[in-house]
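final32.cif follows (mmCIF, C-alpha atoms):
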data_target
#
loop_
_atom_site.label_atom_id
_atom_site.label_comp_id
_atom_site.auth_asym_id
_atom_site.auth_seq_id
_atom_site.Cartn_x
_atom_site.Cartn_y
_atom_site.Cartn_z
CA MET T 8 15.82 6.77 29.20
CA ARG T 9 17.94 4.22 27.43
CA LEU T 10 17.83 3.85 23.65
CA ARG T 11 16.33 0.35 23.75
CA THR T 12 13.56 1.55 26.03
CA LYS T 13 12.82 4.46 23.68
CA ILE T 14 12.71 2.14 20.67
CA ARG T 15 10.43 -0.28 22.50
CA ALA T 16 8.16 2.57 23.60
CA GLY T 17 8.03 3.87 20.02
CA LYS T 18 7.08 0.45 18.67
CA LEU T 19 4.38 0.06 21.32
CA ALA T 20 3.03 3.49 20.45
CA LYS T 21 2.86 2.55 16.76
CA VAL T 22 1.06 -0.70 17.56
CA GLY T 23 -1.34 1.20 19.79
CA LEU T 24 -2.05 3.75 17.07
CA LEU T 25 -2.54 0.97 14.53
CA LEU T 26 -5.04 -0.82 16.77
CA ALA T 27 -6.87 2.41 17.58
CA GLY T 28 -7.03 3.27 13.87
CA ALA T 29 -8.36 -0.20 13.01
CA ALA T 30 -10.97 0.09 15.77
CA LEU T 31 -12.06 3.51 14.53
CA LEU T 32 -12.22 2.34 10.91
CA GLY T 33 -14.29 -0.69 11.94
CA GLY T 34 -16.77 1.66 13.59
CA VAL T 35 -16.88 3.88 10.51
CA VAL T 36 -17.48 0.86 8.24
CA MET T 37 -20.28 -0.31 10.53
CA LEU T 38 -21.96 3.10 10.59
CA LEU T 39 -21.68 3.57 6.84
CA TRP T 40 -22.93 0.04 6.07
CA ASN T 41 -25.91 0.36 8.42
CA TRP T 42 -26.73 3.81 7.06
CA ILE T 43 -26.39 3.11 3.32
CA MET T 44 -26.72 -0.59 2.44
CA PRO T 45 -30.14 -1.56 3.94
CA GLY T 46 -31.82 1.30 2.09
CA LEU T 47 -29.91 0.69 -1.12
CA VAL T 48 -30.30 -3.10 -1.49
CA ASP T 49 -33.41 -5.02 -0.37
CA GLY T 50 -32.72 -7.85 2.04
CA VAL T 51 -29.38 -6.52 3.33
CA ALA T 52 -29.25 -6.61 7.11
CA HIS T 53 -27.51 -4.31 9.54
CA ILE T 54 -24.11 -5.52 10.73
CA ASP T 55 -22.48 -5.37 14.13
CA TYR T 56 -19.01 -4.01 14.93
CA TRP T 57 -17.16 -7.33 14.58
CA ARG T 58 -18.67 -8.07 11.18
CA ALA T 59 -17.72 -4.56 10.07
CA LEU T 60 -14.17 -5.16 11.25
CA GLY T 61 -14.13 -8.49 9.38
CA LEU T 62 -15.46 -6.75 6.27
CA LEU T 63 -12.70 -4.17 6.57
CA VAL T 64 -10.02 -6.89 6.83
CA LEU T 65 -11.55 -8.83 3.94
CA SER T 66 -11.63 -5.77 1.71
CA ARG T 67 -8.04 -4.98 2.64
CA ILE T 68 -6.98 -8.50 1.66
CA LEU T 69 -8.94 -8.51 -1.59
CA PHE T 70 -8.28 -4.97 -2.78
CA GLY T 71 -5.34 -3.53 -0.89
CA GLY T 72 -3.18 -6.33 0.36
CA PHE T 73 -1.03 -5.89 3.42
CA ARG T 74 1.92 -4.19 1.84
CA GLY T 75 3.72 -1.63 3.91
CA ARG T 76 3.38 1.93 2.80
CA GLY T 77 7.11 2.61 2.66
CA ARG T 78 8.43 4.03 -0.59
CA GLY T 79 6.17 2.09 -2.91
CA ASP T 80 6.31 4.85 -5.49
CA GLY T 81 9.28 3.39 -7.36
CA HIS T 82 11.73 5.89 -5.89
CA GLY T 83 14.51 3.31 -5.61
CA GLN T 84 13.96 2.19 -9.19
CA TRP T 85 14.10 5.78 -10.36
CA GLN T 86 17.43 6.30 -8.62
CA ARG T 87 18.85 3.13 -10.20
CA TRP T 88 17.61 4.28 -13.62
CA GLN T 89 19.27 7.66 -13.17
CA LYS T 90 22.61 6.03 -12.33
CA MET T 91 22.57 3.81 -15.44
CA THR T 92 24.55 4.58 -18.55
CA PRO T 93 22.60 4.85 -21.83
CA GLU T 94 23.87 1.38 -22.77
CA GLU T 95 22.61 -0.13 -19.51
CA ARG T 96 19.25 1.56 -20.00
CA GLU T 97 18.96 0.13 -23.51
CA GLN T 98 19.80 -3.32 -22.15
CA VAL T 99 17.03 -3.03 -19.53
CA LEU T 100 14.55 -1.98 -22.21
CA GLN T 101 15.53 -4.94 -24.39
CA GLN T 102 15.17 -7.35 -21.45
CA CYS T 103 11.70 -5.96 -20.72
CA ALA T 104 10.70 -6.43 -24.35
CA GLN T 105 12.01 -10.02 -24.38
CA ARG T 106 10.03 -10.88 -21.25
CA GLY T 107 6.88 -9.28 -22.60
CA ARG T 108 6.83 -6.70 -19.84
CA PRO T 109 6.06 -3.04 -20.32
CA ALA T 110 9.12 -0.85 -20.40
CA PRO T 111 9.82 1.35 -17.39
CA HIS T 112 8.31 4.80 -17.66
CA HIS T 113 11.72 6.33 -17.05
CA HIS T 114 12.89 5.72 -20.62
CA GLU T 115 11.15 8.77 -22.06
CA LYS T 116 13.59 11.37 -23.32
CA GLN T 117 13.95 14.40 -21.13
CA THR T 118 14.19 17.80 -22.75
#

Take the structure in the file and write it out as structure tokens.
Amino acid sequence: MRLRTKIRAGKLAKVGLLLAGAALLGGVVMLLWNWIMPGLVDGVAHIDYWRALGLLVLSRILFGGFRGRGRGDGHGQWQRWQKMTPEEREQVLQQCAQRGRPAPHHHEKQT
């Protein structure tokens, strides 16, 4: 199999897994809502699958956004911080203070 075909197949597999995961999560949201909410709050109706899927998307937009997972843990920033000289680090800390931003957590002295 050619490389392009493998890449295309891999992307299709990821999209398929993403859609299957979203479908499964929509079903879980529907089951949980219909099991918990009508008994917990008076006047709350049962929801169907599509409303559950819409609720899942809405909650993702409101609370989670659609950021990729990637390396969102600041790993790249940590590497840049480690490569800086003490003077460069001090300059970054001063710039953060001038802008009213909290200083990076990397500035703590290591023992």

Explicit residue set for the PyMOL selection byres ((chain T and resi 38) around 12), as a list in words: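 Residues picked by the PyMOL selection byres ((chain T and resi 38) around 12): Leu31, Leu32, Gly33, Gly34, Val35, Val36, Met37, Leu39, Trp40, Asn41, Trp42, Ile43, Met44, Pro45, His53, Ile54, Asp55, Tyr56, Arg58, Ala59 and Leu60 of chain T.
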
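Taking CA of Leu24 (chain T) and CA of Gly71 (chain T) as the two end points, the separation is 19.7 Å.
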
Straight-line distance linking CA of Ser66 (chain T) with CA of Ala30 (chain T), stated in Å to one decimal: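 It comes out at 15.2 Å.
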